[in-house]
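Structure data follow from my_file03.csv (CSV, C-alpha atoms):
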```csv
chain,number,residue,atom,x,y,z
X,97,MET,CA,0.0,0.0,0.0
X,98,SER,CA,1.3,3.5,-0.8
X,99,ASN,CA,1.6,6.4,1.5
X,100,LEU,CA,-1.8,8.2,1.3
X,101,GLY,CA,-0.4,11.5,2.7
X,102,TRP,CA,-3.0,13.9,4.0
X,103,HIS,CA,-6.4,13.8,2.3
X,104,ARG,CA,-9.6,15.7,2.6
X,105,ARG,CA,-12.4,13.7,4.3
X,106,ALA,CA,-14.3,12.8,1.1
X,107,ALA,CA,-12.8,10.8,-1.7
X,108,ARG,CA,-13.8,9.2,-5.0
X,109,ILE,CA,-15.7,6.0,-4.7
X,110,ALA,CA,-12.9,3.9,-6.3
X,111,ALA,CA,-10.4,5.1,-3.7
X,112,ALA,CA,-12.8,4.5,-0.9
X,113,THR,CA,-13.4,0.9,-2.0
X,114,ALA,CA,-9.7,0.3,-2.2
X,115,ILE,CA,-9.1,1.7,1.3
X,116,LEU,CA,-12.0,-0.3,2.7
X,117,ALA,CA,-10.5,-3.5,1.5
X,118,ALA,CA,-6.9,-2.5,2.4
X,119,LEU,CA,-7.8,-1.7,6.0
X,120,VAL,CA,-9.1,-5.2,6.5
X,121,SER,CA,-6.5,-7.1,4.6
X,122,CYS,CA,-3.7,-5.2,6.4
X,123,ALA,CA,-5.3,-4.8,9.8
X,124,GLN,CA,-2.0,-5.3,11.6
X,125,ALA,CA,0.0,-3.0,9.3
X,126,ARG,CA,-2.0,0.2,9.3
X,127,PRO,CA,-4.7,2.0,11.3
X,128,ALA,CA,-8.3,1.9,10.3
X,129,GLY,CA,-9.1,5.1,12.2
X,130,HIS,CA,-11.1,7.4,9.9
X,131,SER,CA,-14.5,7.3,8.3
X,132,LEU,CA,-14.5,6.0,4.8
X,133,PRO,CA,-14.3,7.4,2.2
X,134,THR,CA,-11.9,9.7,3.9
X,135,ARG,CA,-8.4,10.8,4.5
X,136,GLY,CA,-6.3,7.8,5.4
X,137,PRO,CA,-3.7,8.0,8.1
X,138,PRO,CA,-0.1,8.0,7.1
X,139,ARG,CA,1.9,4.7,7.0
X,140,GLY,CA,5.6,4.2,7.3
X,141,GLN,CA,7.7,7.4,7.1
X,142,LEU,CA,5.4,10.5,7.3
X,143,VAL,CA,5.6,12.9,4.5
X,144,ASP,CA,6.2,16.5,5.5
X,145,ALA,CA,4.6,19.4,3.6
X,146,GLN,CA,3.1,17.1,0.9
X,147,PHE,CA,-0.6,17.4,1.1
X,148,ASP,CA,-3.1,15.8,-1.3
X,149,TRP,CA,-6.5,17.6,-1.2
X,150,VAL,CA,-9.3,15.9,-3.0
X,151,PRO,CA,-11.8,18.6,-4.3
X,152,PHE,CA,-15.3,17.7,-3.2
X,153,ASN,CA,-18.4,19.4,-1.9
X,154,GLU,CA,-19.4,18.0,1.4
X,155,LEU,CA,-21.0,18.7,4.8
X,156,ASN,CA,-19.1,17.1,7.7
X,157,GLY,CA,-20.9,18.5,10.8
X,158,VAL,CA,-24.4,19.4,12.0
X,159,ALA,CA,-25.5,20.9,15.3
X,160,ALA,CA,-29.0,22.0,16.5
X,161,VAL,CA,-29.9,24.6,19.1
X,162,SER,CA,-33.6,24.2,18.4
X,163,ALA,CA,-36.0,23.2,15.6
X,164,HIS,CA,-35.5,26.7,14.1
X,165,ASP,CA,-31.8,27.1,14.6
X,166,VAL,CA,-29.5,24.4,13.1
X,167,TRP,CA,-25.9,24.7,11.8
X,168,ALA,CA,-24.2,22.6,9.1
X,169,VAL,CA,-20.5,22.9,8.1
X,170,GLY,CA,-18.1,21.5,5.6
X,171,SER,CA,-16.2,22.6,2.6
X,172,THR,CA,-16.6,23.3,-1.1
X,173,ALA,CA,-14.8,21.7,-4.1
X,174,LYS,CA,-12.9,25.0,-4.4
X,175,GLY,CA,-11.2,24.3,-1.0
X,176,LYS,CA,-13.2,27.0,0.9
X,177,PRO,CA,-14.9,26.4,4.3
X,178,LEU,CA,-18.7,26.3,4.1
X,179,ILE,CA,-21.3,27.2,6.8
X,180,GLU,CA,-25.1,27.0,6.5
X,181,ARG,CA,-27.9,27.8,8.9
X,182,TRP,CA,-31.5,26.6,9.1
X,183,ASP,CA,-33.9,29.3,10.3
X,184,GLY,CA,-37.0,27.1,10.4
X,185,LEU,CA,-37.9,27.7,6.8
X,186,ALA,CA,-34.8,27.2,4.7
X,187,TRP,CA,-31.0,26.7,4.7
X,188,LYS,CA,-29.1,29.9,4.2
X,189,PRO,CA,-25.3,30.5,3.7
X,190,VAL,CA,-23.4,32.2,6.5
X,191,PRO,CA,-19.9,33.6,5.8
X,192,GLY,CA,-17.0,31.9,7.6
X,193,ALA,CA,-13.6,33.1,8.4
X,194,ILE,CA,-10.9,32.1,5.9
X,195,PRO,CA,-7.4,32.0,7.6
X,196,ARG,CA,-4.9,34.4,6.2
X,197,GLY,CA,-2.5,32.5,3.9
X,198,ALA,CA,-4.7,29.5,3.5
X,199,THR,CA,-4.8,27.9,0.1
X,200,GLU,CA,-7.5,25.5,1.2
X,201,SER,CA,-9.7,25.1,4.3
X,202,LEU,CA,-11.9,22.3,5.7
X,203,LEU,CA,-14.5,22.4,8.5
X,204,THR,CA,-15.0,19.0,10.1
X,205,SER,CA,-17.4,19.5,13.0
X,206,VAL,CA,-19.7,22.0,14.7
X,207,ALA,CA,-21.2,22.4,18.2
X,208,ALA,CA,-23.7,24.9,19.5
X,209,THR,CA,-25.0,25.6,23.0
X,210,ARG,CA,-27.3,28.6,22.2
X,211,SER,CA,-28.2,31.0,19.4
X,212,SER,CA,-25.2,33.2,20.3
X,213,ASN,CA,-22.6,30.6,21.0
X,214,ALA,CA,-21.3,28.0,18.5
X,215,TRP,CA,-18.0,26.5,17.5
X,216,THR,CA,-16.7,24.9,14.3
X,217,VAL,CA,-13.3,23.2,13.9
X,218,GLY,CA,-11.2,21.8,11.1
X,219,TYR,CA,-7.9,22.5,9.5
X,220,TYR,CA,-6.3,24.5,6.6
X,221,ASN,CA,-3.4,24.2,4.2
X,222,THR,CA,-0.8,27.0,3.9
X,223,GLY,CA,1.1,25.2,1.1
X,224,LYS,CA,3.8,24.3,3.6
X,225,GLU,CA,1.9,22.8,6.5
X,226,ILE,CA,-1.6,21.8,7.8
X,227,ARG,CA,-2.8,23.8,10.7
X,228,THR,CA,-5.7,23.6,13.1
X,229,LEU,CA,-8.7,25.8,12.5
X,230,ILE,CA,-11.3,27.0,15.1
X,231,GLU,CA,-14.0,29.5,14.5
X,232,ARG,CA,-16.6,30.9,16.9
X,233,TRP,CA,-20.1,32.3,16.3
X,234,ASN,CA,-20.9,35.2,18.7
X,235,GLY,CA,-24.5,35.7,17.5
X,236,HIS,CA,-23.6,38.1,14.7
X,237,ALA,CA,-20.6,36.6,12.8
X,238,TRP,CA,-18.1,33.8,12.7
X,239,ALA,CA,-14.5,34.8,13.7
X,240,ARG,CA,-11.4,32.7,13.8
X,241,VAL,CA,-9.9,32.0,17.3
X,242,ALA,CA,-6.3,31.1,17.7
X,243,SER,CA,-5.6,27.4,18.4
X,244,PRO,CA,-2.4,25.3,18.9
X,245,SER,CA,-0.9,23.3,16.0
X,246,PRO,CA,1.7,21.2,17.8
X,247,GLY,CA,2.6,19.2,14.6
X,248,GLY,CA,4.2,22.2,12.9
X,249,VAL,CA,5.3,21.3,9.4
X,250,HIS,CA,4.3,17.7,10.0
X,251,GLY,CA,0.6,18.6,10.2
X,252,SER,CA,-2.2,19.2,12.8
X,253,GLU,CA,-5.9,18.6,12.3
X,254,LEU,CA,-9.1,19.0,14.4
X,255,LEU,CA,-11.8,16.4,13.6
X,256,GLY,CA,-14.4,16.9,16.4
X,257,VAL,CA,-15.7,19.6,18.8
X,258,ALA,CA,-18.1,19.6,21.7
X,259,ALA,CA,-19.3,22.5,24.0
X,260,THR,CA,-21.4,22.7,27.1
X,261,GLY,CA,-21.3,26.5,27.6
X,262,PRO,CA,-19.4,29.8,26.9
X,263,SER,CA,-16.4,28.7,29.1
X,264,ASN,CA,-16.2,25.0,28.3
X,265,ALA,CA,-15.5,23.4,25.0
X,266,TRP,CA,-13.3,20.6,23.7
X,267,ALA,CA,-11.7,20.0,20.3
X,268,VAL,CA,-10.0,16.7,19.3
X,269,GLY,CA,-8.0,15.4,16.4
X,270,GLU,CA,-4.4,14.4,15.6
X,271,PHE,CA,-1.0,15.8,14.9
X,272,SER,CA,2.1,14.3,13.3
X,273,THR,CA,5.8,14.1,14.3
X,274,SER,CA,8.5,12.8,12.0
X,275,LYS,CA,7.8,9.3,13.3
X,276,ALA,CA,4.3,9.0,14.6
X,277,LEU,CA,0.7,10.1,14.5
X,278,LYS,CA,-0.5,11.3,17.9
X,279,THR,CA,-3.8,12.3,19.6
X,280,LEU,CA,-4.6,16.0,19.9
X,281,ILE,CA,-7.0,17.5,22.5
X,282,GLU,CA,-7.5,21.2,23.0
X,283,HIS,CA,-9.7,23.0,25.6
X,284,TRP,CA,-11.5,26.4,25.7
X,285,ASN,CA,-11.7,27.9,29.2
X,286,GLY,CA,-13.6,31.0,28.2
X,287,ARG,CA,-10.5,33.0,27.2
X,288,THR,CA,-8.1,30.8,25.1
X,289,TRP,CA,-7.7,27.4,23.5
X,290,ALA,CA,-5.0,25.4,25.1
X,291,TRP,CA,-3.3,22.1,24.2
X,292,VAL,CA,-4.1,19.5,26.8
X,293,PRO,CA,-2.0,16.3,27.2
X,294,SER,CA,-3.7,13.1,26.0
X,295,PRO,CA,-2.5,9.5,25.8
X,296,SER,CA,-1.2,8.1,22.5
X,297,PRO,CA,-0.7,4.4,23.3
X,298,GLY,CA,1.9,2.4,21.4
X,299,GLY,CA,5.1,4.3,21.9
X,300,SER,CA,7.1,6.6,19.7
X,301,HIS,CA,6.2,5.0,16.4
X,302,SER,CA,2.5,4.5,17.0
X,303,TYR,CA,-0.5,5.8,15.0
X,304,CYS,CA,-3.2,7.3,17.2
X,305,ALA,CA,-6.0,9.8,16.4
X,306,LEU,CA,-9.2,11.0,18.0
X,307,ASN,CA,-12.2,11.4,15.6
X,308,GLY,CA,-14.9,12.6,17.9
X,309,VAL,CA,-15.6,14.2,21.3
X,310,ALA,CA,-18.6,14.7,23.7
X,311,SER,CA,-18.9,16.5,27.0
X,312,ALA,CA,-21.4,16.3,29.8
X,313,GLY,CA,-19.9,19.2,31.8
X,314,LYS,CA,-16.6,20.4,33.1
X,315,ALA,CA,-15.8,17.1,34.9
X,316,THR,CA,-16.9,14.6,32.3
X,317,ALA,CA,-15.9,14.3,28.6
X,318,TRP,CA,-15.2,11.4,26.2
X,319,ALA,CA,-13.0,11.2,23.1
X,320,VAL,CA,-12.9,8.3,20.6
X,321,GLY,CA,-10.7,7.2,17.8
X,322,PHE,CA,-8.1,4.4,17.2
X,323,SER,CA,-4.7,3.3,18.2
X,324,ALA,CA,-2.2,1.2,16.3
X,325,PRO,CA,-0.3,-1.0,16.1
X,326,PRO,CA,-2.2,-3.2,16.5
X,327,VAL,CA,-5.3,-1.5,15.1
X,328,ARG,CA,-8.1,-1.2,17.6
X,329,PRO,CA,-10.8,1.2,18.8
X,330,MET,CA,-9.7,3.7,21.5
X,331,ILE,CA,-11.7,5.6,24.1
X,332,GLU,CA,-10.3,8.3,26.4
X,333,ARG,CA,-12.1,10.0,29.3
X,334,TRP,CA,-11.7,13.4,31.0
X,335,ASN,CA,-12.2,13.0,34.8
X,336,GLY,CA,-11.9,16.7,35.5
X,337,ARG,CA,-8.1,16.6,35.9
X,338,VAL,CA,-6.5,14.5,33.2
X,339,TRP,CA,-7.4,12.4,30.1
X,340,LYS,CA,-7.0,8.7,30.5
X,341,VAL,CA,-7.5,5.7,28.2
X,342,VAL,CA,-10.6,3.6,29.3
X,343,ALA,CA,-11.0,-0.1,28.5
X,344,SER,CA,-13.2,-0.5,25.4
X,345,PRO,CA,-14.4,-3.5,23.4
X,346,ASN,CA,-12.5,-4.7,20.3
X,347,PRO,CA,-15.2,-7.1,19.0
X,348,ALA,CA,-13.3,-7.7,15.7
X,349,GLY,CA,-10.1,-9.0,17.5
X,350,ARG,CA,-7.1,-9.1,15.2
X,351,PHE,CA,-9.1,-7.4,12.3
X,352,GLY,CA,-9.3,-4.3,14.4
X,353,GLY,CA,-11.6,-1.2,14.0
X,354,ALA,CA,-12.0,2.4,14.9
X,355,LEU,CA,-14.6,4.7,16.6
X,356,ASN,CA,-15.6,7.8,14.7
X,357,ALA,CA,-18.0,9.6,17.0
X,358,VAL,CA,-19.4,9.7,20.6
X,359,THR,CA,-22.4,11.3,22.3
X,360,THR,CA,-23.3,11.6,26.0
X,361,ILE,CA,-26.6,11.2,27.8
X,362,GLY,CA,-26.1,13.0,31.0
X,363,SER,CA,-22.9,12.2,32.9
X,364,SER,CA,-23.5,8.5,33.3
X,365,LYS,CA,-24.5,7.2,29.8
X,366,ALA,CA,-22.8,7.4,26.4
X,367,TRP,CA,-22.7,5.9,22.9
X,368,ALA,CA,-19.8,5.5,20.4
X,369,VAL,CA,-20.0,4.3,16.8
X,370,GLY,CA,-17.5,3.4,14.1
X,371,ASN,CA,-16.4,0.3,12.1
X,372,LYS,CA,-14.7,-3.0,12.6
X,373,GLY,CA,-13.2,-5.6,10.3
X,374,ASN,CA,-14.7,-9.0,9.7
X,375,GLY,CA,-11.9,-10.6,7.7
X,376,LYS,CA,-13.3,-9.3,4.3
X,377,VAL,CA,-14.7,-5.8,4.7
X,378,LEU,CA,-15.4,-3.2,7.4
X,379,VAL,CA,-18.9,-3.2,9.0
X,380,THR,CA,-20.7,-1.0,11.5
X,381,MET,CA,-19.8,-1.1,15.2
X,382,ILE,CA,-21.7,0.4,18.2
X,383,GLU,CA,-20.5,0.6,21.8
X,384,ARG,CA,-22.4,1.8,24.9
X,385,TRP,CA,-21.2,3.2,28.3
X,386,ASN,CA,-23.5,2.0,31.1
X,387,GLY,CA,-21.9,4.1,33.8
X,388,ARG,CA,-19.4,1.4,34.7
X,389,ALA,CA,-18.0,-0.1,31.5
X,390,TRP,CA,-18.2,0.1,27.7
X,391,LYS,CA,-20.0,-2.8,26.0
X,392,ALA,CA,-20.5,-3.8,22.4
X,393,VAL,CA,-24.1,-3.5,21.2
X,394,PRO,CA,-25.4,-5.3,18.0
X,395,SER,CA,-25.8,-3.1,15.0
X,396,PRO,CA,-28.0,-4.1,12.1
X,397,LEU,CA,-26.5,-4.5,8.6
X,398,PRO,CA,-28.4,-3.7,5.5
X,399,ALA,CA,-29.5,-6.8,3.6
X,400,ASP,CA,-27.5,-6.0,0.5
X,401,SER,CA,-24.5,-4.6,2.3
X,402,SER,CA,-20.9,-5.5,1.2
X,403,GLY,CA,-19.4,-3.2,3.8
X,404,SER,CA,-20.6,-0.3,6.0
X,405,ASP,CA,-19.5,2.4,8.5
X,406,LEU,CA,-21.2,4.6,11.1
X,407,THR,CA,-19.7,8.1,11.1
X,408,ALA,CA,-21.8,10.0,13.6
X,409,ILE,CA,-24.3,9.6,16.5
X,410,ALA,CA,-26.6,11.8,18.5
X,411,ALA,CA,-29.0,11.1,21.4
X,412,ALA,CA,-32.2,12.9,22.3
X,413,SER,CA,-32.8,10.8,25.4
X,414,PRO,CA,-31.8,7.5,27.0
X,415,GLY,CA,-34.4,5.8,24.8
X,416,ARG,CA,-33.9,7.7,21.5
X,417,ALA,CA,-30.7,8.0,19.5
X,418,TRP,CA,-29.6,8.0,15.8
X,419,ALA,CA,-26.4,6.8,14.2
X,420,VAL,CA,-25.7,7.6,10.5
X,421,GLY,CA,-23.1,6.6,7.9
X,422,TYR,CA,-23.2,4.7,4.7
X,423,TYR,CA,-23.0,1.2,3.2
X,424,PHE,CA,-21.6,-0.4,0.1
X,425,ALA,CA,-23.8,-2.5,-2.2
X,426,ASP,CA,-22.4,-4.5,-5.1
X,427,THR,CA,-23.5,-3.7,-8.6
X,428,MET,CA,-22.4,-5.1,-12.0
X,429,PHE,CA,-19.8,-2.3,-12.2
X,430,GLU,CA,-18.4,-1.8,-8.7
X,431,PRO,CA,-19.8,-1.1,-5.2
X,432,ALA,CA,-22.3,1.8,-5.0
X,433,VAL,CA,-22.7,3.7,-1.7
X,434,PHE,CA,-26.0,4.5,0.0
X,435,THR,CA,-26.9,6.4,3.1
X,436,LEU,CA,-27.3,4.4,6.4
X,437,ILE,CA,-29.4,5.6,9.4
X,438,GLU,CA,-30.0,3.5,12.5
X,439,ARG,CA,-32.3,4.3,15.4
X,440,TRP,CA,-32.1,3.2,19.0
X,441,ASN,CA,-35.7,2.6,20.4
X,442,GLY,CA,-34.6,1.9,23.9
X,443,ARG,CA,-34.1,-1.8,23.3
X,444,ILE,CA,-32.4,-2.4,20.0
X,445,TRP,CA,-30.9,-0.6,17.0
X,446,LYS,CA,-33.0,-0.7,13.8
X,447,GLN,CA,-32.3,0.6,10.3
X,448,GLU,CA,-34.6,3.4,9.1
X,449,PRO,CA,-35.2,4.1,5.4
X,450,SER,CA,-33.2,7.2,4.2
X,451,PRO,CA,-32.9,9.1,0.9
X,452,SER,CA,-29.8,8.3,-1.3
X,453,PRO,CA,-30.1,11.0,-4.0
X,454,GLY,CA,-26.9,9.8,-5.7
X,455,GLY,CA,-28.6,6.7,-6.8
X,456,LEU,CA,-27.3,4.7,-9.7
X,457,ILE,CA,-26.3,6.3,-13.0
X,458,ASP,CA,-26.1,4.7,-16.4
X,459,SER,CA,-22.3,4.9,-16.6
X,460,GLY,CA,-21.7,3.2,-13.3
X,461,PRO,CA,-22.4,3.3,-9.5
X,462,ASP,CA,-22.8,6.5,-7.5
X,463,GLN,CA,-22.5,7.4,-3.9
X,464,SER,CA,-24.6,9.0,-1.1
X,465,LEU,CA,-22.9,9.3,2.3
X,466,LEU,CA,-23.9,10.8,5.7
X,467,HIS,CA,-21.2,12.3,7.9
X,468,ALA,CA,-23.1,14.0,10.7
X,469,VAL,CA,-26.3,13.9,12.7
X,470,ALA,CA,-28.0,16.1,15.3
X,471,ALA,CA,-31.1,15.2,17.5
X,472,ILE,CA,-33.7,17.8,18.4
X,473,SER,CA,-36.3,15.7,20.1
X,474,SER,CA,-37.3,12.0,20.3
X,475,SER,CA,-38.8,12.3,16.8
X,476,VAL,CA,-37.0,15.1,15.0
X,477,ALA,CA,-33.3,14.9,13.8
X,478,TRP,CA,-31.0,16.2,11.0
X,479,ALA,CA,-28.3,14.4,9.1
X,480,ALA,CA,-25.8,15.8,6.6
X,481,GLY,CA,-23.2,14.6,4.2
X,482,SER,CA,-22.6,14.5,0.4
X,483,TYR,CA,-23.7,12.7,-2.8
X,484,SER,CA,-22.2,12.7,-6.2
X,485,SER,CA,-25.0,12.0,-8.7
X,486,GLY,CA,-22.5,11.7,-11.5
X,487,ASN,CA,-20.8,14.9,-10.5
X,488,PRO,CA,-17.1,14.3,-9.6
X,489,LYS,CA,-17.1,17.4,-7.3
X,490,GLY,CA,-20.2,16.1,-5.4
X,491,LYS,CA,-23.2,17.9,-4.0
X,492,PHE,CA,-24.3,18.8,-0.5
X,493,LEU,CA,-26.7,16.4,1.2
X,494,ILE,CA,-29.1,17.4,4.0
X,495,GLU,CA,-31.9,15.2,5.4
X,496,ARG,CA,-34.5,15.8,8.1
X,497,ARG,CA,-36.4,13.3,10.2
X,498,GLN,CA,-40.0,14.4,10.9
X,499,ALA,CA,-43.2,12.5,11.5
X,500,GLY,CA,-41.2,9.3,11.4
X,501,THR,CA,-39.7,9.8,7.9
X,502,TRP,CA,-36.4,11.0,6.6
X,503,THR,CA,-36.7,13.6,3.8
X,504,TYR,CA,-34.0,15.1,1.5
X,505,LEU,CA,-34.0,19.0,1.7
X,506,PRO,CA,-32.1,21.4,-0.5
X,507,SER,CA,-29.0,23.0,1.0
X,508,ALA,CA,-28.2,26.7,0.5
X,509,HIS,CA,-25.5,25.9,-2.1
```
How does this structure look as structure tokens?
Amino acid sequence: MSNLGWHRRAARIAAATAILAALVSCAQARPAGHSLPTRGPPRGQLVDAQFDWVPFNELNGVAAVSAHDVWAVGSTAKGKPLIERWDGLAWKPVPGAIPRGATESLLTSVAATRSSNAWTVGYYNTGKEIRTLIERWNGHAWARVASPSPGGVHGSELLGVAATGPSNAWAVGEFSTSKALKTLIEHWNGRTWAWVPSPSPGGSHSYCALNGVASAGKATAWAVGFSAPPVRPMIERWNGRVWKVVASPNPAGRFGGALNAVTTIGSSKAWAVGNKGNGKVLVTMIERWNGRAWKAVPSPLPADSSGSDLTAIAAASPGRAWAVGYYFADTMFEPAVFTLIERWNGRIWKQEPSPSPGGLIDSGPDQSLLHAVAAISSSVAWAAGSYSSGNPKGKFLIERRQAGTWTYLPSAH
């Protein structure tokens, strides 16, 4: 397998399929840490200042303050950050802050606590290095806020953000050294973003990253991702003083896996989702914190699935949660990709029908993927992602659940 360098989170379907297979067949050789299709983590010697950005229109994060106040973030195929806001009637574009000197920028996640306080994070390319990117909504405009980039020329990225109030927010991701990929956690204390030490199991040549974060207050937060070698899911917990690795299931054993997202339900319950290997492909994985330990929970697989992944999760209550992602289905050409939504009804997870506007085109398979989800109530939720519909640059995908049905809604772009 070749060094994949640094990629934007969306990729062409052919590349995604190849990575999906490679992560399973080489489970002991490289990490399976990121949602697919996505930017694959480096392998072997890391490449400094060589960044491969795949142009694609995509939404990577969604956050809801209320039914009439929802944010969605991502990037355009031109390499510009993208922010949209739902006002109860339609999605409208909102200008973001483009860092000075940035040749390309990507927003990966968004969190909002009220109409006048929201955060979005990601990373940007200067042509010489990848740096972290954090922006804040103050009720009137988005403005960039300074954030640490400990990787320097080797690269630093933020992949997830969570906030509980104006003086408590967390951002997580990864940064590189000349030899390793390490976890990155940053904290907002109401004045500045500071780099907080976090475990990177595996030693000086390990590959570790955090893909998602959730907080239940100043004394409780969770971050999830992967560690390697060997490849396995990783969960870290903030106890109010330090971050520590917490024992988590690795149901795939030697085939490994990764966690992409986490959500909390109060201070004593949490869910995490991602993927695991089964010897042939990657399939969905769900884990639950019951207040004492993390346990694997069965996740339904679509009947025609030939591989699947869960990229995001949100909970409205202990008895209602949604997990979203995508799954592969074989066609006469090559695998097509369809949206995947699963719902927790308090007892089990069940798949819910969801639009896949990419569909199948005459010239070959197409793709529809969900990267983010936000829950407003026990019956209303939003999901966001991308679909190609024959367009190599892709289109923005937004879906809303209302009255028991998921419906595709036009974005502002």
Tell me which residues come within 10 Å of (-25.3, 11.2, 18.4), as an mmCIF file with C-alpha atoms, in the frame of the given file, counting all atoms listed in the file in the file's coordinates.
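Saved file point11.cif follows:
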```cif
data_model
loop_
_atom_site.group_PDB
_atom_site.id
_atom_site.type_symbol
_atom_site.label_atom_id
_atom_site.label_comp_id
_atom_site.auth_asym_id
_atom_site.auth_seq_id
_atom_site.Cartn_x
_atom_site.Cartn_y
_atom_site.Cartn_z
ATOM 1 C CA ALA X 310 -18.600 14.700 23.700
ATOM 2 C CA ALA X 357 -18.000 9.600 17.000
ATOM 3 C CA VAL X 358 -19.400 9.700 20.600
ATOM 4 C CA THR X 359 -22.400 11.300 22.300
ATOM 5 C CA THR X 360 -23.300 11.600 26.000
ATOM 6 C CA ILE X 361 -26.600 11.200 27.800
ATOM 7 C CA ALA X 366 -22.800 7.400 26.400
ATOM 8 C CA TRP X 367 -22.700 5.900 22.900
ATOM 9 C CA ALA X 368 -19.800 5.500 20.400
ATOM 10 C CA VAL X 369 -20.000 4.300 16.800
ATOM 11 C CA THR X 407 -19.700 8.100 11.100
ATOM 12 C CA ALA X 408 -21.800 10.000 13.600
ATOM 13 C CA ILE X 409 -24.300 9.600 16.500
ATOM 14 C CA ALA X 410 -26.600 11.800 18.500
ATOM 15 C CA ALA X 411 -29.000 11.100 21.400
ATOM 16 C CA ALA X 412 -32.200 12.900 22.300
ATOM 17 C CA ARG X 416 -33.900 7.700 21.500
ATOM 18 C CA ALA X 417 -30.700 8.000 19.500
ATOM 19 C CA TRP X 418 -29.600 8.000 15.800
ATOM 20 C CA ALA X 419 -26.400 6.800 14.200
ATOM 21 C CA VAL X 420 -25.700 7.600 10.500
ATOM 22 C CA ALA X 468 -23.100 14.000 10.700
ATOM 23 C CA VAL X 469 -26.300 13.900 12.700
ATOM 24 C CA ALA X 470 -28.000 16.100 15.300
ATOM 25 C CA ALA X 471 -31.100 15.200 17.500
ATOM 26 C CA ALA X 477 -33.300 14.900 13.800
#
```
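For the choices X:Trp182, X:Leu202, X:Gly261, X:Leu255, the atom-to-atom distance to Ala214 (chain X) is smallest for X:Gly261 when using all atoms listed in the file.
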query = Quick one: of X:Val268, X:Val309, X:Leu185, X:Ala258, who's nearest to Val292 (chain X), counting all atoms listed in the file?
reply =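 Of all the options, X:Val268 lies closest to Val292 (chain X).
Take the candidates X:Arg328, X:His509, X:Lys372, X:Arg210 and check each one against Lys188 (chain X) using only C-alpha atoms; the shortest distance goes to X:His509.
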